[in-house]
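Novice: Take a look at structure28.cif, mmCIF, C-alpha atoms, pLDDT in the B column; chains and numbers go by the auth columns:
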data_model
loop_
_atom_site.group_PDB
_atom_site.id
_atom_site.type_symbol
_atom_site.label_atom_id
_atom_site.label_comp_id
_atom_site.label_asym_id
_atom_site.label_seq_id
_atom_site.Cartn_x
_atom_site.Cartn_y
_atom_site.Cartn_z
_atom_site.B_iso_or_equiv
_atom_site.auth_seq_id
_atom_site.auth_asym_id
ATOM 1 C CA MET A 1 19.877 -12.676 27.354 96.00 22 Y
ATOM 2 C CA THR A 2 16.358 -11.321 27.177 96.00 23 Y
ATOM 3 C CA ASN A 3 13.682 -12.632 24.851 95.00 24 Y
ATOM 4 C CA LYS A 4 11.802 -9.888 23.076 92.00 25 Y
ATOM 5 C CA GLU A 5 8.613 -10.058 21.049 91.00 26 Y
ATOM 6 C CA ILE A 6 7.067 -7.791 18.450 90.00 27 Y
ATOM 7 C CA LYS A 7 3.315 -7.827 17.986 90.00 28 Y
ATOM 8 C CA ILE A 8 1.270 -6.110 15.334 90.00 29 Y
ATOM 9 C CA ALA A 9 -2.400 -5.294 15.274 91.00 30 Y
ATOM 10 C CA PHE A 10 -4.732 -4.813 12.344 97.00 31 Y
ATOM 11 C CA LYS A 11 -8.424 -4.857 11.563 98.00 32 Y
ATOM 12 C CA GLU A 12 -9.999 -7.344 9.169 98.00 33 Y
ATOM 13 C CA TYR A 13 -13.161 -6.537 7.232 98.00 34 Y
ATOM 14 C CA GLU A 14 -15.227 -8.804 5.001 97.00 35 Y
ATOM 15 C CA SER A 15 -16.194 -6.213 2.394 96.00 36 Y
ATOM 16 C CA LEU A 16 -15.683 -2.652 1.225 97.00 37 Y
ATOM 17 C CA ASP A 17 -19.107 -1.777 2.624 97.00 38 Y
ATOM 18 C CA GLN A 18 -17.775 -2.222 6.166 97.00 39 Y
ATOM 19 C CA LEU A 19 -15.051 0.408 5.731 98.00 40 Y
ATOM 20 C CA GLU A 20 -15.373 4.045 6.711 97.00 41 Y
ATOM 21 C CA ALA A 21 -16.277 6.194 3.693 97.00 42 Y
ATOM 22 C CA CYS A 22 -12.789 7.693 3.221 97.00 43 Y
ATOM 23 C CA ASP A 23 -11.121 4.262 3.507 98.00 44 Y
ATOM 24 C CA ARG A 24 -13.625 2.790 1.040 98.00 45 Y
ATOM 25 C CA THR A 25 -12.896 5.580 -1.457 98.00 46 Y
ATOM 26 C CA LEU A 26 -9.159 4.935 -1.170 98.00 47 Y
ATOM 27 C CA ALA A 27 -9.619 1.163 -1.525 98.00 48 Y
ATOM 28 C CA GLU A 28 -11.824 1.634 -4.589 98.00 49 Y
ATOM 29 C CA ALA A 29 -9.154 3.871 -6.138 98.00 50 Y
ATOM 30 C CA ALA A 30 -6.572 1.106 -5.628 98.00 51 Y
ATOM 31 C CA ILE A 31 -8.890 -1.450 -7.242 98.00 52 Y
ATOM 32 C CA GLU A 32 -9.424 0.924 -10.171 98.00 53 Y
ATOM 33 C CA ALA A 33 -5.651 1.397 -10.495 98.00 54 Y
ATOM 34 C CA THR A 34 -5.183 -2.342 -11.122 98.00 55 Y
ATOM 35 C CA GLY A 35 -6.585 -1.602 -14.587 97.00 56 Y
ATOM 36 C CA GLN A 36 -3.586 0.653 -15.271 97.00 57 Y
ATOM 37 C CA SER A 37 -1.118 -2.141 -14.581 98.00 58 Y
ATOM 38 C CA TYR A 38 1.321 -3.250 -17.279 97.00 59 Y
ATOM 39 C CA ALA A 39 1.961 -6.897 -16.402 97.00 60 Y
ATOM 40 C CA PRO A 40 2.372 -8.910 -19.622 96.00 61 Y
ATOM 41 C CA TYR A 41 4.716 -11.438 -17.970 94.00 62 Y
ATOM 42 C CA SER A 42 3.108 -12.197 -14.612 94.00 63 Y
ATOM 43 C CA ASN A 43 -0.480 -11.186 -15.408 96.00 64 Y
ATOM 44 C CA PHE A 44 -0.537 -10.053 -11.776 97.00 65 Y
ATOM 45 C CA ASN A 45 -2.125 -6.605 -11.758 98.00 66 Y
ATOM 46 C CA VAL A 46 -1.475 -4.450 -8.716 98.00 67 Y
ATOM 47 C CA GLY A 47 -2.907 -1.010 -8.055 98.00 68 Y
ATOM 48 C CA ALA A 48 -2.087 1.443 -5.299 98.00 69 Y
ATOM 49 C CA ALA A 49 -3.721 4.680 -4.220 98.00 70 Y
ATOM 50 C CA VAL A 50 -2.078 7.252 -1.954 98.00 71 Y
ATOM 51 C CA LEU A 51 -4.135 9.627 0.190 98.00 72 Y
ATOM 52 C CA PHE A 52 -2.844 13.073 1.139 98.00 73 Y
ATOM 53 C CA GLU A 53 -3.748 15.031 4.251 96.00 74 Y
ATOM 54 C CA ASP A 54 -5.973 17.318 2.136 96.00 75 Y
ATOM 55 C CA GLY A 55 -7.996 14.439 0.635 97.00 76 Y
ATOM 56 C CA VAL A 56 -6.270 14.272 -2.772 98.00 77 Y
ATOM 57 C CA ILE A 57 -5.677 10.728 -4.062 98.00 78 Y
ATOM 58 C CA ILE A 58 -2.914 9.730 -6.486 98.00 79 Y
ATOM 59 C CA LYS A 59 -2.863 6.273 -8.087 98.00 80 Y
ATOM 60 C CA GLY A 60 -0.162 4.021 -9.478 98.00 81 Y
ATOM 61 C CA ALA A 61 0.101 0.502 -10.877 98.00 82 Y
ATOM 62 C CA ASN A 62 2.840 -2.076 -11.290 98.00 83 Y
ATOM 63 C CA GLN A 63 4.884 -1.758 -14.466 98.00 84 Y
ATOM 64 C CA GLU A 64 6.789 -4.813 -15.713 97.00 85 Y
ATOM 65 C CA ASN A 65 9.687 -4.870 -18.142 95.00 86 Y
ATOM 66 C CA ALA A 66 11.298 -7.649 -20.179 93.00 87 Y
ATOM 67 C CA ALA A 67 14.638 -6.624 -18.638 92.00 88 Y
ATOM 68 C CA TYR A 68 13.727 -7.889 -15.173 83.00 89 Y
ATOM 69 C CA PRO A 69 14.066 -6.334 -12.571 85.00 90 Y
ATOM 70 C CA SER A 70 13.628 -3.033 -14.410 89.00 91 Y
ATOM 71 C CA GLY A 71 9.917 -2.864 -13.612 94.00 92 Y
ATOM 72 C CA LEU A 72 8.412 -1.256 -10.548 96.00 93 Y
ATOM 73 C CA CYS A 73 5.794 -2.190 -7.967 97.00 94 Y
ATOM 74 C CA ALA A 74 2.480 -0.331 -7.809 98.00 95 Y
ATOM 75 C CA GLU A 75 3.191 0.995 -4.340 98.00 96 Y
ATOM 76 C CA ARG A 76 6.463 2.669 -5.312 98.00 97 Y
ATOM 77 C CA THR A 77 5.008 3.916 -8.599 98.00 98 Y
ATOM 78 C CA ALA A 78 2.219 5.656 -6.652 98.00 99 Y
ATOM 79 C CA LEU A 79 4.429 6.884 -3.803 98.00 100 Y
ATOM 80 C CA PHE A 80 7.159 8.300 -6.050 98.00 101 Y
ATOM 81 C CA TYR A 81 4.597 10.037 -8.266 98.00 102 Y
ATOM 82 C CA ALA A 82 2.790 11.368 -5.198 98.00 103 Y
ATOM 83 C CA SER A 83 5.991 12.715 -3.666 97.00 104 Y
ATOM 84 C CA SER A 84 7.235 14.303 -6.868 97.00 105 Y
ATOM 85 C CA SER A 85 3.904 15.974 -7.628 97.00 106 Y
ATOM 86 C CA ARG A 86 3.106 17.152 -4.078 97.00 107 Y
ATOM 87 C CA PRO A 87 6.406 17.236 -2.151 96.00 108 Y
ATOM 88 C CA ASP A 88 5.157 19.457 0.664 95.00 109 Y
ATOM 89 C CA LYS A 89 2.022 17.472 1.520 97.00 110 Y
ATOM 90 C CA ALA A 90 1.896 14.600 4.020 97.00 111 Y
ATOM 91 C CA MET A 91 0.658 11.222 2.830 98.00 112 Y
ATOM 92 C CA THR A 92 -1.804 9.801 5.346 98.00 113 Y
ATOM 93 C CA GLY A 93 -2.828 6.540 3.711 98.00 114 Y
ATOM 94 C CA ILE A 94 -2.172 3.994 1.014 98.00 115 Y
ATOM 95 C CA ALA A 95 -4.438 1.254 -0.309 98.00 116 Y
ATOM 96 C CA ILE A 96 -3.181 -1.701 -2.330 98.00 117 Y
ATOM 97 C CA ALA A 97 -5.213 -4.154 -4.418 98.00 118 Y
ATOM 98 C CA ALA A 98 -4.178 -7.008 -6.700 98.00 119 Y
ATOM 99 C CA GLY A 99 -5.879 -9.239 -9.218 97.00 120 Y
ATOM 100 C CA GLN A 100 -5.417 -11.604 -12.107 94.00 121 Y
ATOM 101 C CA ASN A 101 -7.440 -11.989 -15.287 87.00 122 Y
ATOM 102 C CA GLY A 102 -9.695 -9.079 -14.341 88.00 123 Y
ATOM 103 C CA LYS A 103 -10.627 -10.579 -10.971 95.00 124 Y
ATOM 104 C CA LEU A 104 -9.559 -9.228 -7.582 97.00 125 Y
ATOM 105 C CA CYS A 105 -7.545 -11.721 -5.503 98.00 126 Y
ATOM 106 C CA ALA A 106 -9.517 -13.215 -2.611 97.00 127 Y
ATOM 107 C CA ASP A 107 -6.800 -12.479 -0.055 97.00 128 Y
ATOM 108 C CA PRO A 108 -5.006 -9.147 0.201 98.00 129 Y
ATOM 109 C CA ALA A 109 -1.612 -8.937 -1.490 96.00 130 Y
ATOM 110 C CA THR A 110 1.048 -7.680 0.891 97.00 131 Y
ATOM 111 C CA PRO A 111 3.749 -5.205 -0.162 97.00 132 Y
ATOM 112 C CA CYS A 112 7.326 -6.373 -0.708 96.00 133 Y
ATOM 113 C CA GLY A 113 10.038 -5.288 1.725 94.00 134 Y
ATOM 114 C CA ALA A 114 11.309 -2.518 -0.550 95.00 135 Y
ATOM 115 C CA CYS A 115 7.823 -1.014 -0.811 97.00 136 Y
ATOM 116 C CA ARG A 116 7.355 -1.231 2.956 96.00 137 Y
ATOM 117 C CA GLN A 117 10.587 0.696 3.483 95.00 138 Y
ATOM 118 C CA VAL A 118 9.565 3.371 0.965 97.00 139 Y
ATOM 119 C CA MET A 119 6.191 3.706 2.717 97.00 140 Y
ATOM 120 C CA ALA A 120 8.045 4.052 6.026 96.00 141 Y
ATOM 121 C CA GLN A 121 10.283 6.784 4.640 95.00 142 Y
ATOM 122 C CA TYR A 122 7.324 8.844 3.406 97.00 143 Y
ATOM 123 C CA GLN A 123 5.502 8.281 6.694 96.00 144 Y
ATOM 124 C CA THR A 124 8.549 9.667 8.519 94.00 145 Y
ATOM 125 C CA LYS A 125 8.866 12.563 6.066 95.00 146 Y
ATOM 126 C CA GLY A 126 5.196 13.490 6.534 96.00 147 Y
ATOM 127 C CA GLY A 127 5.388 13.310 10.313 95.00 148 Y
ATOM 128 C CA VAL A 128 2.031 11.535 10.622 97.00 149 Y
ATOM 129 C CA PRO A 129 1.009 7.865 10.615 97.00 150 Y
ATOM 130 C CA MET A 130 0.249 6.446 7.180 98.00 151 Y
ATOM 131 C CA LYS A 131 -2.703 4.045 7.262 98.00 152 Y
ATOM 132 C CA VAL A 132 -2.246 0.945 5.089 98.00 153 Y
ATOM 133 C CA ILE A 133 -5.274 -0.775 3.526 98.00 154 Y
ATOM 134 C CA LEU A 134 -4.707 -4.136 1.829 98.00 155 Y
ATOM 135 C CA VAL A 135 -7.694 -5.093 -0.309 98.00 156 Y
ATOM 136 C CA GLY A 136 -8.890 -8.568 -1.277 98.00 157 Y
ATOM 137 C CA SER A 137 -12.304 -9.627 -2.516 97.00 158 Y
ATOM 138 C CA GLU A 138 -12.985 -11.754 0.586 97.00 159 Y
ATOM 139 C CA LYS A 139 -11.146 -9.752 3.228 98.00 160 Y
ATOM 140 C CA ILE A 140 -9.592 -6.353 3.750 98.00 161 Y
ATOM 141 C CA TRP A 141 -6.800 -5.662 6.234 98.00 162 Y
ATOM 142 C CA VAL A 142 -6.356 -2.192 7.725 98.00 163 Y
ATOM 143 C CA PHE A 143 -3.167 -1.230 9.547 98.00 164 Y
ATOM 144 C CA ASP A 144 -3.038 2.064 11.470 97.00 165 Y
ATOM 145 C CA LYS A 145 0.542 2.809 10.413 96.00 166 Y
ATOM 146 C CA VAL A 146 3.391 1.456 8.310 96.00 167 Y
ATOM 147 C CA ASP A 147 5.243 0.348 11.463 93.00 168 Y
ATOM 148 C CA ASP A 148 2.661 -2.430 11.818 94.00 169 Y
ATOM 149 C CA LEU A 149 3.896 -3.930 8.523 93.00 170 Y
ATOM 150 C CA LEU A 150 7.558 -3.082 9.075 91.00 171 Y
ATOM 151 C CA PRO A 151 8.147 -2.906 12.819 87.00 172 Y
ATOM 152 C CA LEU A 152 11.930 -2.406 12.617 84.00 173 Y
ATOM 153 C CA ILE A 153 11.949 0.447 10.098 83.00 174 Y
ATOM 154 C CA PHE A 154 15.376 1.374 8.757 82.00 175 Y
ATOM 155 C CA ASP A 155 15.946 4.949 9.878 76.00 176 Y
ATOM 156 C CA SER A 156 19.519 4.896 11.082 69.00 177 Y
ATOM 157 C CA ILE A 157 20.863 7.501 8.654 64.00 178 Y
#
In structure tokens, what does this structure look like?
Specialist:
Amino acid sequence: MTNKEIKIAFKEYESLDQLEACDRTLAEAAIEATGQSYAPYSNFNVGAAVLFEDGVIIKGANQENAAYPSGLCAERTALFYASSSRPDKAMTGIAIAAGQNGKLCADPATPCGACRQVMAQYQTKGGVPMKVILVGSEKIWVFDKVDDLLPLIFDSI
């Protein structure tokens, strides 16, 4: 037997002002997208913004439904819309923000496993790393690629 270990690395920032301009723009788009959330049951508003290689940003927000689990996370809403509207362009980044009662959460909200796998699939499809920016009001986490959030990506097919 051999013991193995997986380590991830990410950067932590205290405010949007510390981010590079393009990362700040993407993070602000995700924060703005929280206002497009439909979350009458959880009141947990999540916004996501996807960045393409040519600088175009597409946003999405979580959409709840009384027939749970028929709703959809913000990340997948944004990624599916991005892929269907620009299928030949690589996605190079995604920012995610969450809040309640009109206030951004202090800590970043992390994507669910399903959303991580979808991000991984589009990263693979695009052939370039997809930066992941998780935005909170008191800290922001920046991961260089989806693999850092999902180190054992399912890609066996």
Novice: Which residues come within 10 Å of Gly76 of chain Y, counting only C-alpha atoms, excluding same-chain residues fewer than 2 positions away, as a PDB file with C-alpha atoms, in the coordinates of the input?
Specialist:
ATOM      1  CA  CYS Y  43     -12.789   7.693   3.221  1.00 97.00           C
ATOM      2  CA  LEU Y  47      -9.159   4.935  -1.170  1.00 98.00           C
ATOM      3  CA  VAL Y  71      -2.078   7.252  -1.954  1.00 98.00           C
ATOM      4  CA  LEU Y  72      -4.135   9.627   0.190  1.00 98.00           C
ATOM      5  CA  PHE Y  73      -2.844  13.073   1.139  1.00 98.00           C
ATOM      6  CA  GLU Y  74      -3.748  15.031   4.251  1.00 96.00           C
ATOM      7  CA  ILE Y  78      -5.677  10.728  -4.062  1.00 98.00           C
ATOM      8  CA  ILE Y  79      -2.914   9.730  -6.486  1.00 98.00           C
ATOM      9  CA  MET Y 112       0.658  11.222   2.830  1.00 98.00           C
ATOM     10  CA  THR Y 113      -1.804   9.801   5.346  1.00 98.00           C
ATOM     11  CA  GLY Y 114      -2.828   6.540   3.711  1.00 98.00           C
TER      12      GLY Y 114
END
Novice: What lies within 12 Å of Phe164 of chain Y using only C-alpha atoms, ignoring chain neighbours under 5 positions off, as number ranges by chain?
Specialist: Y: 29-34, 44, 113-117, 131, 150-156, 169-172
Novice: Could you dump the residues just selected with C-alpha atoms as a tab-separated table (two decimals), keeping the file's coordinate frame?
Specialist:
chain	number	residue	atom	x	y	z
Y	29	ILE	CA	1.27	-6.11	15.33
Y	30	ALA	CA	-2.40	-5.29	15.27
Y	31	PHE	CA	-4.73	-4.81	12.34
Y	32	LYS	CA	-8.42	-4.86	11.56
Y	33	GLU	CA	-10.00	-7.34	9.17
Y	34	TYR	CA	-13.16	-6.54	7.23
Y	44	ASP	CA	-11.12	4.26	3.51
Y	113	THR	CA	-1.80	9.80	5.35
Y	114	GLY	CA	-2.83	6.54	3.71
Y	115	ILE	CA	-2.17	3.99	1.01
Y	116	ALA	CA	-4.44	1.25	-0.31
Y	117	ILE	CA	-3.18	-1.70	-2.33
Y	131	THR	CA	1.05	-7.68	0.89
Y	150	PRO	CA	1.01	7.86	10.62
Y	151	MET	CA	0.25	6.45	7.18
Y	152	LYS	CA	-2.70	4.04	7.26
Y	153	VAL	CA	-2.25	0.94	5.09
Y	154	ILE	CA	-5.27	-0.78	3.53
Y	155	LEU	CA	-4.71	-4.14	1.83
Y	156	VAL	CA	-7.69	-5.09	-0.31
Y	169	ASP	CA	2.66	-2.43	11.82
Y	170	LEU	CA	3.90	-3.93	8.52
Y	171	LEU	CA	7.56	-3.08	9.07
Y	172	PRO	CA	8.15	-2.91	12.82
Novice: Might you pull out every residue within 12 Å of Phe65 of chain Y, with all atoms listed in the file counted and same-chain residues fewer than 4 positions away left off, and present them as number ranges by chain?
Specialist: Y: 55-61, 82-85, 94-95, 118-126, 130
Novice: Kindly list the centre and edge lengths in Å, rounded to one decimal, for the axis-aligned box that covers all listed atoms of segment 161-172 of chain Y plus 8 Å on each of its six sides, as lines of an AutoDock Vina configuration file.
Specialist:
center_x = -0.7
center_y = -1.8
center_z = 8.3
size_x = 33.7
size_y = 25.2
size_z = 25.1
Novice: For the file shown, what are the residues hit by the PyMOL selection byres ((chain Y and resi 141) around 9), laid out as a ChimeraX atom specification?
Specialist: /Y:136-140,142-146,151,166-168,171,174-176
Novice: Atom CA of Gly157 of chain Y and atom CA of Tyr89 of chain Y are how many Å apart?
Specialist: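 Straight-line distance from atom CA of Gly157 of chain Y to atom CA of Tyr89 of chain Y works out to 26.6 Å.
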Novice: Please indicate the distance in Å from atom CA of Asn66 of chain Y to atom CA of Gly147 of chain Y, rounded to one decimal place.
Specialist: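 Between these atoms lies a distance of 28.1 Å.
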Novice: Pick the closest to Val77 of chain Y from Y:Ala50, Y:Ile161, Y:Ala135, Y:Leu37: which is it, counting only C-alpha atoms?
Specialist: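 Among the listed residues, Y:Ala50 lies closest to Val77 of chain Y.
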Novice: Record the distance separating atom CA of Ser106 of chain Y and atom CA of Glu41 of chain Y, expressed in Å with one decimal.
Specialist: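 Between atom CA of Ser106 of chain Y and atom CA of Glu41 of chain Y the gap works out to 26.8 Å.
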Novice: Quick check on the file I pasted: which residues fall under the PyMOL selection byres ((chain Y and resi 99) around 8)? Write them as a list in words.
Specialist: Ala69, Ala70, Val71, Ile79, Lys80, Gly81, Ala82, Ala95, Glu96, Arg97, Thr98, Leu100, Phe101, Tyr102 and Ala103 of chain Y
Novice: So which one's closest to Glu35 of chain Y, Y:Val163, Y:Leu93, Y:Val67, Y:Met22? Using all atoms listed in the file, please.
Specialist: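 For Glu35 of chain Y, the nearest of the candidates is Y:Val163.
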